[in-house]
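Input: a single structure, listed below in structure tokens.
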Amino acid sequence: MKKVQIVILVAIAAAVAILISFMGNLSTYETIASARQKPGKTVTIIAHLDNKLPIEYDPVKNPNFVSFHISDTLGNTAKVVYHFEKPYDLEKAERITLKGRMNGDVFEISRKDGILLKCPSKYKDDPNAAKKELTQN
């Protein structure tokens, strides 16, 4: 075989190895019910904060522990335990994307980047505010 063919084969093998390594990090969006059927497996859930139940956070007792409840679009609910400080404006979030594992009936997030909040837009109430903001810049 020529050197060029060997280099191409090595490059293809490296590309396949890289693609396979990325496939381990991919996760699909799950409902709370389907996440319960996959205990211990990392899943991603999109849900809403359940405002009927309180957020448990005591920075004096343990600043790296937050507990709250979520509900998905199908009406399923779960308790969430986040092992970091409480995210800013958690109470105002319209939608929460969580990446973690189900442990019984509790969804545990053990990575700091395991929670993403979708907060309400400041332009929601006033559609003309966006135009005004853009014209000032």
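Every chain in the structure tokens has a letter given in the order shown (A, B, ...), and although residue numbers restart at 1 in each chain, ligands are simply numbered from 1 in the order shown.
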
Members of region 15-133 of chain A assigned helix (DSSP H, G or I) by DSSP, as a tab-separated table (two decimals) with C-alpha atoms, in the first residue's frame:
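The file below, states.tsv, is the result:
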chain	number	residue	atom	x	y	z
A	15	ALA	CA	-12.71	9.85	12.74
A	16	VAL	CA	-14.69	6.72	13.62
A	17	ALA	CA	-13.09	6.61	17.09
A	18	ILE	CA	-14.00	10.27	17.71
A	19	LEU	CA	-17.62	9.72	16.61
A	20	ILE	CA	-17.96	6.68	18.86
A	21	SER	CA	-16.60	8.62	21.84
A	22	PHE	CA	-19.17	11.38	21.32
A	23	MET	CA	-22.04	8.90	21.15
A	32	ILE	CA	-40.47	11.75	34.32
A	33	ALA	CA	-42.23	8.39	33.88
A	34	SER	CA	-39.70	7.13	31.32
A	35	ALA	CA	-36.80	8.38	33.47
A	36	ARG	CA	-38.16	6.29	36.37
A	90	LEU	CA	-35.16	29.47	40.05
A	91	GLU	CA	-38.61	30.60	41.18
A	92	LYS	CA	-39.11	32.68	38.01
A	112	LYS	CA	-23.08	21.90	38.10
A	113	ASP	CA	-24.12	22.17	34.44
A	114	GLY	CA	-26.98	19.72	35.01
A	127	PRO	CA	-43.69	43.73	22.44
A	128	ASN	CA	-42.66	47.28	21.54
A	129	ALA	CA	-39.88	47.19	24.14
A	130	ALA	CA	-37.81	44.95	21.87
A	131	LYS	CA	-38.06	47.43	19.01
A	132	LYS	CA	-37.21	50.30	21.33
A	133	GLU	CA	-34.18	48.44	22.73

Worksheet entry | Shell around Leu98 (chain A) at 12 Å using only C-alpha atoms, local window under 5 positions removed, as a PyMOL selection string | chain A and resi 27-32+35+42-49+69-72+78-82+107-118

Item to complete: Have a look at A:Arg95, A:Asp58, A:Lys41, A:Met102 and name the one nearest to Thr73 (chain A); count only C-alpha atoms.
Response: A:Arg95

Item to complete: From a DSSP calculation on the backbone, collect every residue of chain A in strand (DSSP E or B) and output the set as JSON, numbers by chain.
Response: {"A": [29, 30, 43, 44, 45, 46, 47, 48, 49, 56, 66, 67, 68, 69, 70, 71, 77, 78, 79, 80, 81, 82, 95, 96, 97, 98, 99, 100, 101, 102, 103, 106, 107, 108, 109, 115, 116, 117, 118]}

Discussion item. Can you pull out the residues contacting Tyr57 (chain A)? Cut-off 8 Å, using only C-alpha atoms, and skip same-chain residues under 2 positions away; I want them as a list of chain:residue names.
Written reply: A:Ile55, A:Pro59, A:Asn62, A:Pro63, A:Phe65, A:Val66, A:Ser67, A:Lys86

Restrict the selected residues to all heavy atoms and save them as a PDB file, in the first residue's frame.
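File selection-v1.pdb, as written:
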ATOM      1  N   ILE A  55     -39.461  25.267  47.826  1.00  0.00           N
ATOM      2  CA  ILE A  55     -38.067  24.983  47.482  1.00  0.00           C
ATOM      3  C   ILE A  55     -37.307  24.880  48.798  1.00  0.00           C
ATOM      4  O   ILE A  55     -37.390  25.776  49.638  1.00  0.00           O
ATOM      5  CB  ILE A  55     -37.477  26.101  46.607  1.00  0.00           C
ATOM      6  CG1 ILE A  55     -38.225  26.163  45.275  1.00  0.00           C
ATOM      7  CG2 ILE A  55     -35.986  25.886  46.388  1.00  0.00           C
ATOM      8  CD1 ILE A  55     -37.845  27.335  44.403  1.00  0.00           C
ATOM      9  N   PRO A  59     -28.823  27.988  53.016  1.00  0.00           N
ATOM     10  CA  PRO A  59     -27.398  28.195  52.780  1.00  0.00           C
ATOM     11  C   PRO A  59     -26.547  28.125  54.045  1.00  0.00           C
ATOM     12  O   PRO A  59     -25.354  27.862  53.970  1.00  0.00           O
ATOM     13  CB  PRO A  59     -27.327  29.574  52.138  1.00  0.00           C
ATOM     14  CG  PRO A  59     -28.603  30.238  52.468  1.00  0.00           C
ATOM     15  CD  PRO A  59     -29.617  29.154  52.684  1.00  0.00           C
ATOM     16  N   ASN A  62     -26.456  23.957  54.647  1.00  0.00           N
ATOM     17  CA  ASN A  62     -25.699  23.321  53.564  1.00  0.00           C
ATOM     18  C   ASN A  62     -25.890  24.155  52.295  1.00  0.00           C
ATOM     19  O   ASN A  62     -26.932  24.053  51.647  1.00  0.00           O
ATOM     20  CB  ASN A  62     -26.167  21.883  53.333  1.00  0.00           C
ATOM     21  CG  ASN A  62     -25.313  21.159  52.311  1.00  0.00           C
ATOM     22  OD1 ASN A  62     -24.412  21.726  51.707  1.00  0.00           O
ATOM     23  ND2 ASN A  62     -25.606  19.888  52.110  1.00  0.00           N
ATOM     24  N   PRO A  63     -24.914  24.964  51.923  1.00  0.00           N
ATOM     25  CA  PRO A  63     -25.074  25.822  50.739  1.00  0.00           C
ATOM     26  C   PRO A  63     -25.058  25.051  49.417  1.00  0.00           C
ATOM     27  O   PRO A  63     -25.395  25.607  48.382  1.00  0.00           O
ATOM     28  CB  PRO A  63     -23.883  26.775  50.827  1.00  0.00           C
ATOM     29  CG  PRO A  63     -22.871  26.036  51.620  1.00  0.00           C
ATOM     30  CD  PRO A  63     -23.630  25.171  52.573  1.00  0.00           C
ATOM     31  N   PHE A  65     -26.926  22.309  48.573  1.00  0.00           N
ATOM     32  CA  PHE A  65     -28.055  21.396  48.514  1.00  0.00           C
ATOM     33  C   PHE A  65     -29.328  22.193  48.265  1.00  0.00           C
ATOM     34  O   PHE A  65     -29.673  23.090  49.035  1.00  0.00           O
ATOM     35  CB  PHE A  65     -28.202  20.613  49.822  1.00  0.00           C
ATOM     36  CG  PHE A  65     -29.362  19.648  49.809  1.00  0.00           C
ATOM     37  CD1 PHE A  65     -29.211  18.383  49.278  1.00  0.00           C
ATOM     38  CD2 PHE A  65     -30.591  20.021  50.308  1.00  0.00           C
ATOM     39  CE1 PHE A  65     -30.279  17.496  49.258  1.00  0.00           C
ATOM     40  CE2 PHE A  65     -31.659  19.155  50.294  1.00  0.00           C
ATOM     41  CZ  PHE A  65     -31.507  17.879  49.768  1.00  0.00           C
ATOM     42  N   VAL A  66     -29.989  21.874  47.167  1.00  0.00           N
ATOM     43  CA  VAL A  66     -31.274  22.479  46.833  1.00  0.00           C
ATOM     44  C   VAL A  66     -32.221  21.344  46.485  1.00  0.00           C
ATOM     45  O   VAL A  66     -31.847  20.406  45.783  1.00  0.00           O
ATOM     46  CB  VAL A  66     -31.166  23.430  45.612  1.00  0.00           C
ATOM     47  CG1 VAL A  66     -32.509  24.065  45.304  1.00  0.00           C
ATOM     48  CG2 VAL A  66     -30.128  24.479  45.826  1.00  0.00           C
ATOM     49  N   SER A  67     -33.433  21.440  46.977  1.00  0.00           N
ATOM     50  CA  SER A  67     -34.445  20.439  46.677  1.00  0.00           C
ATOM     51  C   SER A  67     -35.715  21.161  46.255  1.00  0.00           C
ATOM     52  O   SER A  67     -36.141  22.118  46.902  1.00  0.00           O
ATOM     53  CB  SER A  67     -34.701  19.579  47.903  1.00  0.00           C
ATOM     54  OG  SER A  67     -35.761  18.696  47.666  1.00  0.00           O
ATOM     55  N   LYS A  86     -28.207  27.170  44.983  1.00  0.00           N
ATOM     56  CA  LYS A  86     -29.478  27.395  44.297  1.00  0.00           C
ATOM     57  C   LYS A  86     -29.265  28.313  43.093  1.00  0.00           C
ATOM     58  O   LYS A  86     -28.662  29.379  43.218  1.00  0.00           O
ATOM     59  CB  LYS A  86     -30.481  28.027  45.256  1.00  0.00           C
ATOM     60  CG  LYS A  86     -31.864  28.179  44.667  1.00  0.00           C
ATOM     61  CD  LYS A  86     -32.807  28.775  45.670  1.00  0.00           C
ATOM     62  CE  LYS A  86     -33.183  30.090  45.094  1.00  0.00           C
ATOM     63  NZ  LYS A  86     -33.818  31.036  45.828  1.00  0.00           N
TER      64      LYS A  86
END
